[in-house]
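K.L.:
One file is attached below, run.cif, containing mmCIF, C-alpha atoms.
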```cif
data_run
loop_
_atom_site.label_atom_id
_atom_site.label_comp_id
_atom_site.auth_asym_id
_atom_site.auth_seq_id
_atom_site.Cartn_x
_atom_site.Cartn_y
_atom_site.Cartn_z
CA MET A 922 7.86 -2.95 21.23
CA THR A 923 7.92 -6.76 21.28
CA LEU A 924 8.21 -8.47 17.91
CA GLU A 925 7.52 -12.18 17.32
CA THR A 926 9.13 -13.94 14.36
CA VAL A 927 6.53 -16.27 12.85
CA SER A 928 8.75 -17.63 10.08
CA GLN A 929 12.10 -16.95 8.47
CA ASN A 930 13.40 -18.28 5.15
CA ARG A 931 16.53 -17.70 3.12
CA SER A 932 15.86 -16.40 -0.38
CA HIS A 933 18.22 -14.92 -2.99
CA GLU A 934 20.90 -14.75 -0.25
CA GLY A 935 18.62 -12.54 1.83
CA VAL A 936 16.05 -13.31 4.53
CA GLN A 937 12.28 -13.35 4.13
CA SER A 938 10.56 -12.97 7.50
CA VAL A 939 6.97 -12.95 8.66
CA CYS A 940 6.48 -11.18 11.99
CA ARG A 941 3.67 -10.50 14.44
CA HIS A 942 3.20 -7.89 17.15
CA VAL A 943 0.46 -6.36 19.26
CA SER A 944 -0.48 -3.03 17.74
CA ARG A 945 -1.13 0.04 19.85
CA GLU A 946 -3.18 1.51 16.98
CA THR A 947 -5.49 -1.38 16.07
CA ARG A 948 -5.47 -2.98 19.54
CA THR A 949 -5.03 -6.35 17.86
CA ALA A 950 -2.22 -8.64 16.81
CA MET A 951 -0.88 -7.52 13.41
CA THR A 952 1.19 -9.58 11.00
CA PHE A 953 3.54 -8.26 8.32
CA SER A 954 6.28 -9.61 6.07
CA VAL A 955 9.74 -8.12 5.47
CA PHE A 956 12.47 -9.12 3.05
CA VAL A 957 16.00 -7.98 3.90
CA PRO A 958 18.62 -8.53 1.19
CA ALA A 959 22.18 -9.58 1.97
CA HIS A 960 24.20 -6.58 3.11
CA GLU A 961 27.37 -5.56 4.90
CA ALA A 962 27.30 -5.33 8.68
CA GLY A 963 26.17 -1.91 9.81
CA ALA A 964 24.67 -0.94 6.46
CA ARG A 965 21.36 0.91 6.29
CA LEU A 966 19.23 0.03 3.29
CA PRO A 967 16.45 1.83 1.41
CA VAL A 968 12.97 0.53 2.21
CA VAL A 969 9.98 -0.01 -0.08
CA TRP A 970 6.54 -0.18 1.53
CA TYR A 971 3.92 -2.27 -0.27
CA LEU A 972 0.19 -1.88 0.46
CA SER A 973 -2.10 -4.70 -0.63
CA GLY A 974 -5.63 -4.69 -1.98
CA LEU A 975 -9.09 -5.91 -0.97
CA THR A 976 -9.30 -9.37 0.62
CA CYS A 977 -5.50 -9.61 0.91
CA THR A 978 -3.17 -10.14 3.84
CA HIS A 979 0.61 -9.75 3.92
CA ALA A 980 0.80 -13.19 2.33
CA ASN A 981 -0.54 -12.39 -1.14
CA VAL A 982 2.38 -10.28 -2.33
CA THR A 983 4.87 -12.26 -0.24
CA GLU A 984 3.92 -15.48 -2.01
CA LYS A 985 2.89 -14.18 -5.45
CA GLY A 986 4.60 -10.82 -5.95
CA GLU A 987 7.96 -12.09 -7.28
CA PHE A 988 9.86 -9.16 -5.77
CA ARG A 989 12.75 -10.86 -3.96
CA ARG A 990 15.17 -11.36 -6.83
CA ALA A 991 14.96 -7.69 -7.81
CA CYS A 992 15.15 -6.51 -4.19
CA ALA A 993 18.22 -8.69 -3.62
CA GLU A 994 19.93 -7.26 -6.68
CA LEU A 995 18.96 -3.66 -5.93
CA GLY A 996 19.53 -3.80 -2.16
CA LEU A 997 15.95 -2.95 -1.19
CA VAL A 998 14.12 -3.88 2.01
CA PHE A 999 10.51 -4.76 1.14
CA VAL A 1000 7.78 -4.47 3.81
CA ALA A 1001 4.19 -5.71 3.36
CA PRO A 1002 1.63 -5.13 6.14
CA ASP A 1003 -1.84 -6.60 6.46
CA THR A 1004 -4.85 -4.72 5.09
CA SER A 1005 -6.99 -4.53 8.25
CA PRO A 1006 -7.11 -5.47 11.91
CA ARG A 1007 -8.24 -9.02 12.62
CA GLY A 1008 -9.19 -11.16 15.57
CA GLU A 1009 -11.93 -11.87 18.06
CA GLY A 1010 -14.26 -8.93 18.51
CA VAL A 1011 -13.06 -7.01 15.43
CA PRO A 1012 -16.17 -5.99 13.47
CA GLY A 1013 -16.52 -6.83 9.81
CA ASP A 1014 -19.04 -6.02 7.12
CA PRO A 1015 -22.54 -6.66 8.54
CA ALA A 1016 -23.46 -8.55 5.37
CA GLY A 1017 -20.17 -10.39 5.16
CA ALA A 1018 -19.14 -8.62 1.94
CA TYR A 1019 -15.52 -8.63 0.79
CA ASP A 1020 -15.21 -4.89 0.13
CA PHE A 1021 -15.59 -3.54 3.67
CA GLY A 1022 -14.36 -4.53 7.12
CA LEU A 1023 -11.98 -7.47 7.46
CA GLY A 1024 -9.39 -7.38 4.69
CA ALA A 1025 -10.63 -3.98 3.55
CA GLY A 1026 -9.30 -1.32 5.92
CA PHE A 1027 -8.78 1.20 3.08
CA TYR A 1028 -5.80 2.72 4.92
CA VAL A 1029 -7.87 5.21 6.92
CA ASP A 1030 -8.40 5.85 10.63
CA ALA A 1031 -12.10 5.12 11.16
CA THR A 1032 -14.13 7.59 13.14
CA GLN A 1033 -17.48 5.76 13.05
CA PRO A 1034 -18.64 3.06 15.47
CA PRO A 1035 -18.11 0.15 15.71
CA PHE A 1036 -14.97 0.50 13.55
CA ALA A 1037 -13.19 3.40 15.27
CA ASP A 1038 -11.66 1.25 18.02
CA ASN A 1039 -9.69 -1.04 15.69
CA TYR A 1040 -9.65 0.29 12.14
CA ARG A 1041 -6.70 2.67 12.37
CA MET A 1042 -4.76 1.52 9.34
CA TRP A 1043 -3.62 5.03 8.36
CA SER A 1044 -1.80 5.53 11.65
CA TYR A 1045 -0.57 1.95 11.57
CA VAL A 1046 1.13 2.18 8.16
CA THR A 1047 2.37 5.78 8.45
CA ASP A 1048 3.43 5.85 12.10
CA GLU A 1049 3.49 2.63 14.12
CA LEU A 1050 4.85 0.16 11.57
CA PRO A 1051 7.66 2.48 10.34
CA GLU A 1052 8.71 2.96 13.96
CA LEU A 1053 8.73 -0.80 14.49
CA ILE A 1054 10.67 -1.53 11.30
CA ALA A 1055 13.25 1.15 12.09
CA GLY A 1056 13.82 -0.40 15.50
CA HIS A 1057 14.31 -3.97 14.30
CA PHE A 1058 15.62 -3.92 10.73
CA PRO A 1059 18.54 -2.18 8.93
CA VAL A 1060 16.59 0.52 7.12
CA ASP A 1061 17.54 4.04 6.13
CA ALA A 1062 14.63 6.31 7.08
CA GLY A 1063 15.93 8.90 4.64
CA ARG A 1064 15.38 6.56 1.69
CA GLN A 1065 11.79 5.35 1.63
CA SER A 1066 9.32 4.71 -1.17
CA ILE A 1067 5.83 3.28 -1.40
CA LEU A 1068 3.73 1.28 -3.85
CA GLY A 1069 0.54 -0.73 -3.77
CA HIS A 1070 -2.15 -2.61 -5.66
CA SER A 1071 -5.83 -1.68 -6.05
CA MET A 1072 -7.01 -0.55 -2.58
CA GLY A 1073 -3.31 -0.52 -1.69
CA GLY A 1074 -2.60 1.62 -4.75
CA HIS A 1075 -5.13 4.07 -3.34
CA GLY A 1076 -3.26 3.91 -0.04
CA ALA A 1077 0.16 4.39 -1.62
CA LEU A 1078 -0.91 7.44 -3.62
CA THR A 1079 -2.64 9.14 -0.70
CA VAL A 1080 0.21 8.43 1.72
CA ALA A 1081 2.73 9.87 -0.74
CA LEU A 1082 0.63 12.96 -1.34
CA ARG A 1083 0.21 13.56 2.39
CA PHE A 1084 3.91 12.93 3.18
CA PRO A 1085 5.78 14.17 0.10
CA GLY A 1086 8.97 14.79 2.06
CA ARG A 1087 9.15 11.26 3.43
CA TYR A 1088 8.95 9.19 0.25
CA ARG A 1089 11.27 9.54 -2.71
CA ALA A 1090 9.03 7.53 -5.05
CA ALA A 1091 5.45 6.27 -5.28
CA SER A 1092 3.87 3.91 -7.76
CA ALA A 1093 0.77 1.77 -8.08
CA PHE A 1094 -0.76 -1.19 -9.84
CA SER A 1095 -4.45 -0.72 -10.74
CA PRO A 1096 -5.12 1.88 -8.03
CA ILE A 1097 -8.51 3.17 -6.92
CA VAL A 1098 -7.55 6.76 -7.71
CA ALA A 1099 -10.78 8.54 -6.73
CA PRO A 1100 -12.57 6.51 -4.06
CA SER A 1101 -15.05 9.33 -3.43
CA GLN A 1102 -16.43 8.72 -6.93
CA VAL A 1103 -16.63 4.90 -7.17
CA PRO A 1104 -18.70 2.21 -5.39
CA TRP A 1105 -15.86 0.56 -3.42
CA GLY A 1106 -14.68 3.88 -2.06
CA ILE A 1107 -18.08 5.39 -1.37
CA LYS A 1108 -19.00 2.36 0.73
CA ALA A 1109 -15.67 2.29 2.60
CA LEU A 1110 -15.19 6.00 3.21
CA GLY A 1111 -18.80 6.43 4.24
CA GLY A 1112 -18.67 3.45 6.57
CA TYR A 1113 -15.38 4.39 8.21
CA LEU A 1114 -15.48 8.19 8.14
CA GLY A 1115 -19.17 9.07 8.08
CA GLU A 1116 -21.29 10.89 5.54
CA ALA A 1117 -19.42 14.23 5.57
CA ARG A 1118 -17.59 14.04 2.26
CA SER A 1119 -15.19 16.78 3.28
CA ALA A 1120 -13.47 14.15 5.47
CA TRP A 1121 -13.17 11.78 2.53
CA ARG A 1122 -11.00 14.16 0.50
CA ARG A 1123 -7.90 13.51 2.63
CA HIS A 1124 -8.10 9.87 1.51
CA ASP A 1125 -8.75 10.42 -2.18
CA ALA A 1126 -5.72 10.95 -4.45
CA VAL A 1127 -7.61 12.96 -7.06
CA ALA A 1128 -9.25 15.16 -4.42
CA LEU A 1129 -5.93 15.69 -2.62
CA ILE A 1130 -4.34 16.91 -5.85
CA GLU A 1131 -7.33 19.16 -6.55
CA ASP A 1132 -6.91 20.58 -3.04
CA GLY A 1133 -3.22 21.39 -3.58
CA ALA A 1134 -1.26 18.28 -2.58
CA ARG A 1135 1.79 17.61 -4.73
CA PHE A 1136 4.35 14.84 -5.27
CA SER A 1137 7.45 14.50 -7.42
CA GLY A 1138 5.83 12.05 -9.82
CA PHE A 1139 4.00 8.74 -10.10
CA LEU A 1140 4.31 5.51 -12.06
CA VAL A 1141 0.95 3.75 -12.52
CA ASP A 1142 0.22 0.55 -14.44
CA TYR A 1143 -3.20 -0.93 -15.06
CA GLY A 1144 -4.42 -3.84 -17.13
CA GLY A 1145 -6.37 -3.24 -20.29
CA ALA A 1146 -8.49 -6.32 -19.45
CA ASP A 1147 -9.02 -5.36 -15.79
CA GLN A 1148 -12.63 -6.20 -14.90
CA PHE A 1149 -12.80 -3.27 -12.47
CA LEU A 1150 -11.28 -0.64 -14.74
CA THR A 1151 -14.25 1.49 -15.76
CA GLU A 1152 -16.39 1.23 -12.61
CA GLN A 1153 -13.87 1.22 -9.74
CA LEU A 1154 -10.39 2.32 -10.88
CA ARG A 1155 -10.95 5.27 -13.24
CA PRO A 1156 -7.26 6.00 -14.06
CA GLU A 1157 -8.27 8.79 -16.43
CA LEU A 1158 -9.30 10.87 -13.40
CA LEU A 1159 -5.77 10.69 -12.00
CA GLN A 1160 -4.33 11.58 -15.39
CA HIS A 1161 -6.52 14.68 -15.61
CA ALA A 1162 -5.71 15.76 -12.04
CA CYS A 1163 -1.96 15.33 -12.53
CA THR A 1164 -2.05 17.17 -15.86
CA GLN A 1165 -3.89 20.09 -14.29
CA ALA A 1166 -1.46 20.18 -11.33
CA GLY A 1167 1.72 19.66 -13.34
CA ILE A 1168 2.58 16.42 -11.53
CA PRO A 1169 4.63 14.02 -13.71
CA LEU A 1170 2.65 10.82 -14.25
CA SER A 1171 3.67 7.78 -16.26
CA LEU A 1172 0.31 6.07 -16.79
CA ARG A 1173 0.63 2.80 -18.70
CA CYS A 1174 -2.12 0.54 -19.95
CA GLN A 1175 -0.80 -3.02 -20.18
CA ALA A 1176 -2.86 -4.69 -22.89
CA GLY A 1177 -4.44 -8.05 -22.04
CA TYR A 1178 -3.69 -7.98 -18.31
CA ASP A 1179 -6.34 -8.24 -15.60
CA HIS A 1180 -6.47 -7.27 -11.91
CA SER A 1181 -4.66 -10.31 -10.54
CA TYR A 1182 -1.18 -11.00 -9.16
CA TYR A 1183 -0.25 -12.44 -12.56
CA PHE A 1184 -0.36 -8.81 -13.66
CA VAL A 1185 1.32 -7.41 -10.54
CA SER A 1186 4.18 -9.92 -10.60
CA THR A 1187 4.80 -9.29 -14.31
CA PHE A 1188 5.60 -5.61 -13.76
CA MET A 1189 6.91 -5.75 -10.17
CA GLU A 1190 10.58 -5.75 -11.18
CA ASP A 1191 10.04 -2.78 -13.47
CA HIS A 1192 8.48 -0.81 -10.61
CA LEU A 1193 11.25 -1.77 -8.19
CA ARG A 1194 13.93 -0.63 -10.62
CA TRP A 1195 12.07 2.67 -11.01
CA HIS A 1196 12.01 3.01 -7.22
CA ALA A 1197 15.67 2.03 -6.81
CA ALA A 1198 16.79 4.76 -9.22
CA ARG A 1199 15.05 7.33 -7.01
CA LEU A 1200 16.26 5.79 -3.75
CA ALA A 1201 19.93 5.76 -4.77
CA GLY A 1202 22.42 7.94 -2.91
#
```
Just give me the structure as structure tokens.
P.N.:
Amino acid sequence: MTLETVSQNRSHEGVQSVCRHVSRETRTAMTFSVFVPAHEAGARLPVVWYLSGLTCTHANVTEKGEFRRACAELGLVFVAPDTSPRGEGVPGDPAGAYDFGLGAGFYVDATQPPFADNYRMWSYVTDELPELIAGHFPVDAGRQSILGHSMGGHGALTVALRFPGRYRAASAFSPIVAPSQVPWGIKALGGYLGEARSAWRRHDAVALIEDGARFSGFLVDYGGADQFLTEQLRPELLQHACTQAGIPLSLRCQAGYDHSYYFVSTFMEDHLRWHAARLAG
């Protein structure tokens, strides 16, 4: 699989790269970023996957996430894909809205026209991109973890619940925990997967837990001043589901913080240290 290096910069003695390739899943060019800390020749490093939220590309966390110093210290590879396919002919929201289509792939494989041809973000982030990273970067496939923000928090939780043996840790900032029950998710899941709500449950963390999916435990932070908290995020639903299922959940309300990358960057190092402790050995 051919990989193009778009940019490469030294940071904290490691290398921050932005790369592009033609995706077999989305049938478009896809761009992602990867930070590789300094390491001994031949070493294989644990890898943290980061899934971004609505309207974002790989660039938001790469430029605003403030993860490199911690990753350099902890020896973590940090990978951030885009949030949707892009390019000529890729359909977006018919009304041009921000919460569906371009920049809003919701980490599902669409089954509905005209989105089914390109919107295969589930297979991209769980299959194709890991294969590509393993072939080009010094990662240890036995030590993986995943985190995300907002729509990407939804993605991180559902990926972890569907692949509990692959990831040693999963955390989220302000995740959409029950997309089947909130406006963003109802629009996206209906548009990509159709009206049969039984298909939505495989992409809804709360529904997955209700249906028997389990994971070793989650760390979730959300801002007490998040403007989307009560209508779109609904963290109390995840708390109830985890309590009923016996899944350890550290759910923390951070007073005064909103939904932005000011919030994410503030607690990024804390999350990475939590991941590193579970990726050790």
K.L.:
Of the candidates A:Val943, A:Val982, A:Ala1025, A:Leu1200, which shows the shortest atom-to-atom distance to Leu1050 of chain A, using only C-alpha atoms?
P.N.:
A:Val943
K.L.:
Tell me which residues the PyMOL selection byres ((chain A and resi 1067-1074) around 8) grabs here, as a list in words.
P.N.:
Val969, Trp970, Tyr971, Leu972, Ser973, Gly974, Leu975, Ala1025, Phe1027, Tyr1028, Gln1065, Ser1066, His1075, Gly1076, Ala1077, Leu1078, Ala1081, Tyr1088, Ala1090, Ala1091, Ser1092, Ala1093, Phe1094, Ser1095, Pro1096, Ile1097, Val1098, Leu1154 and Val1185 of chain A
K.L.:
Within 12 Å of (-11.6, 2.2, -12.4) (coordinates as in the file), grab all the protein and nucleic acid residues, counting only C-alpha atoms, and write them out as a PyMOL selection string.
P.N.:
chain A and resi 1071-1072+1074-1075+1094-1106+1143-1159+1180
K.L.:
Work out how far apart atom CA of Ser1137 of chain A and atom CA of Arg1089 of chain A are and give it in Å to one decimal.
P.N.:
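Atom CA of Arg1089 of chain A lies at a distance of 7.8 Å from atom CA of Ser1137 of chain A.
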K.L.:
Record the distance separating atom CA of Ser928 of chain A and atom CA of Phe1188 of chain A, expressed in Å with one decimal.
P.N.:
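Atom-to-atom, atom CA of Ser928 of chain A and atom CA of Phe1188 of chain A are spaced 26.9 Å apart.
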K.L.:
Give the padded box for segment 1046-1061 of chain A as JSON: axis-aligned, covering all atoms listed in the file, 8 Å on each side, centre and edge lengths in Å to one decimal.
P.N.:
```
{"center_x": 9.8, "center_y": 0.9, "center_z": 10.8, "size_x": 33.4, "size_y": 25.8, "size_z": 25.4}
```
K.L.:
Which neighbours of Ile1130 of chain A fall inside 8 Å, counting all atoms listed in the file, when residues of the same chain fewer than 6 positions from it are skipped, and could you give them as a PDB file with C-alpha atoms, keeping the file's coordinate frame?
P.N.:
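Full text of part39.pdb as output:
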```pdb
ATOM      1  CA  LEU A1082       0.630  12.960  -1.340  1.00  0.00           C
ATOM      2  CA  ALA A1162      -5.710  15.760 -12.040  1.00  0.00           C
ATOM      3  CA  CYS A1163      -1.960  15.330 -12.530  1.00  0.00           C
ATOM      4  CA  ALA A1166      -1.460  20.180 -11.330  1.00  0.00           C
TER       5      ALA A1166
END
```
K.L.:
Could you tell me which residues the PyMOL selection byres ((chain A and resi 933) around 9) grabs in this file, written as a list in words?
P.N.:
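Evaluating the PyMOL selection byres ((chain A and resi 933) around 9) on this file yields Arg931, Ser932, Glu934, Gly935, Val936, Pro958, Ala959, Arg989, Arg990, Ala993 and Glu994 of chain A.
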K.L.:
To one decimal place, how far is atom CA of Leu1170 of chain A from atom CA of Met1189 of chain A in Å?
P.N.:
17.6 Å
K.L.:
Given the PyMOL selection byres ((chain A and resi 1133) around 12) and the file above, list the residues it selects as a list of chain:residue names.
P.N.:
A:Leu1082, A:Arg1083, A:Arg1122, A:Arg1123, A:Ala1126, A:Val1127, A:Ala1128, A:Leu1129, A:Ile1130, A:Glu1131, A:Asp1132, A:Ala1134, A:Arg1135, A:Phe1136, A:Ala1162, A:Cys1163, A:Gln1165, A:Ala1166, A:Gly1167, A:Ile1168
K.L.:
Output the selection as an mmCIF file, in the frame of the given file - C-alpha atoms for each residue.
P.N.:
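Result file again-v4.cif:
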```
data_model
loop_
_atom_site.group_PDB
_atom_site.id
_atom_site.type_symbol
_atom_site.label_atom_id
_atom_site.label_comp_id
_atom_site.auth_asym_id
_atom_site.auth_seq_id
_atom_site.Cartn_x
_atom_site.Cartn_y
_atom_site.Cartn_z
ATOM 1 C CA LEU A 1082 0.630 12.960 -1.340
ATOM 2 C CA ARG A 1083 0.210 13.560 2.390
ATOM 3 C CA ARG A 1122 -11.000 14.160 0.500
ATOM 4 C CA ARG A 1123 -7.900 13.510 2.630
ATOM 5 C CA ALA A 1126 -5.720 10.950 -4.450
ATOM 6 C CA VAL A 1127 -7.610 12.960 -7.060
ATOM 7 C CA ALA A 1128 -9.250 15.160 -4.420
ATOM 8 C CA LEU A 1129 -5.930 15.690 -2.620
ATOM 9 C CA ILE A 1130 -4.340 16.910 -5.850
ATOM 10 C CA GLU A 1131 -7.330 19.160 -6.550
ATOM 11 C CA ASP A 1132 -6.910 20.580 -3.040
ATOM 12 C CA ALA A 1134 -1.260 18.280 -2.580
ATOM 13 C CA ARG A 1135 1.790 17.610 -4.730
ATOM 14 C CA PHE A 1136 4.350 14.840 -5.270
ATOM 15 C CA ALA A 1162 -5.710 15.760 -12.040
ATOM 16 C CA CYS A 1163 -1.960 15.330 -12.530
ATOM 17 C CA GLN A 1165 -3.890 20.090 -14.290
ATOM 18 C CA ALA A 1166 -1.460 20.180 -11.330
ATOM 19 C CA GLY A 1167 1.720 19.660 -13.340
ATOM 20 C CA ILE A 1168 2.580 16.420 -11.530
#
```
K.L.:
Env of Gly1056 of chain A: 12 Å cut, atoms = only C-alpha atoms, seq-sep filter 6 positions within chain, self excluded. Answer as a PDB file with C-alpha atoms, in the frame of the given file.
P.N.:
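selection-v1.pdb was written with the following content:
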```pdb
ATOM      1  CA  MET A 922       7.860  -2.950  21.230  1.00  0.00           C
ATOM      2  CA  THR A 923       7.920  -6.760  21.280  1.00  0.00           C
ATOM      3  CA  LEU A 924       8.210  -8.470  17.910  1.00  0.00           C
ATOM      4  CA  ARG A 965      21.360   0.910   6.290  1.00  0.00           C
ATOM      5  CA  GLU A1049       3.490   2.630  14.120  1.00  0.00           C
ATOM      6  CA  LEU A1050       4.850   0.160  11.570  1.00  0.00           C
ATOM      7  CA  ALA A1062      14.630   6.310   7.080  1.00  0.00           C
TER       8      ALA A1062
END
```
K.L.:
My list of candidates is A:Val968, A:Ala950, A:Ala991, A:Val1060. Which is closest to Ser1005 of chain A when distances are computed with only C-alpha atoms?
P.N.:
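Closest to Ser1005 of chain A, using only C-alpha atoms: A:Ala950.
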K.L.:
Which is closer to Ser1181 of chain A than all the others in A:Ser938, A:Cys977, A:Gly963, A:Leu1193, using all atoms listed in the file?
P.N.:
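Answer, going by the shortest atom-to-atom distance: A:Cys977.
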K.L.:
Nearest to His942 of chain A: which of A:Leu1023, A:Val1000, A:Ala980, A:Ile1054 is it, counting only C-alpha atoms?
P.N.:
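Counting only C-alpha atoms, the residue closest to His942 of chain A is A:Ile1054.
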K.L.:
From the set A:Cys992, A:Ala1201, A:Met951, A:Cys1174, which residue has the shortest atom-to-atom contact distance to Asp1061 of chain A, counting only C-alpha atoms?
P.N.:
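With only C-alpha atoms as the atom set, the closest residue is A:Ala1201.
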K.L.:
Please determine, counting only C-alpha atoms, which residue among A:Gly1177, A:Pro1051, A:Gly1024, A:Gly1112 has the shortest atom-to-atom distance to Val1011 of chain A.
P.N.:
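Of the candidates, the smallest distance to Val1011 of chain A is held by A:Gly1024.
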K.L.:
Leaving out Cys940 of chain A and any residue of its chain fewer than 6 positions from it, which residues lie within 6 Å of it when counting only C-alpha atoms, given as a ChimeraX atom specification?
P.N.:
/A:925-927,952-953
K.L.:
Within 9 Å of Gly1115 of chain A, counting all atoms listed in the file, which residues show up once you throw out same-chain ones fewer than 4 positions away? Write them as a PyMOL selection string, please.
P.N.:
chain A and resi 1031-1033+1110-1111+1120-1121
K.L.:
Please, could you write that set of residues out with C-alpha atoms as a short mmCIF file (atom, residue, chain, number, x, y, z; two decimals), in the coordinates of the input?
P.N.:
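Wrote part38.cif, looks like this:
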```
data_model
loop_
_atom_site.label_atom_id
_atom_site.label_comp_id
_atom_site.auth_asym_id
_atom_site.auth_seq_id
_atom_site.Cartn_x
_atom_site.Cartn_y
_atom_site.Cartn_z
CA ALA A 1031 -12.10 5.12 11.16
CA THR A 1032 -14.13 7.59 13.14
CA GLN A 1033 -17.48 5.76 13.05
CA LEU A 1110 -15.19 6.00 3.21
CA GLY A 1111 -18.80 6.43 4.24
CA ALA A 1120 -13.47 14.15 5.47
CA TRP A 1121 -13.17 11.78 2.53
#
```
K.L.:
Env of Ala1037 of chain A: 12 Å cut, atoms = all atoms listed in the file, seq-sep filter 5 positions within chain, self excluded. Answer as a count of residues only.
P.N.:
18
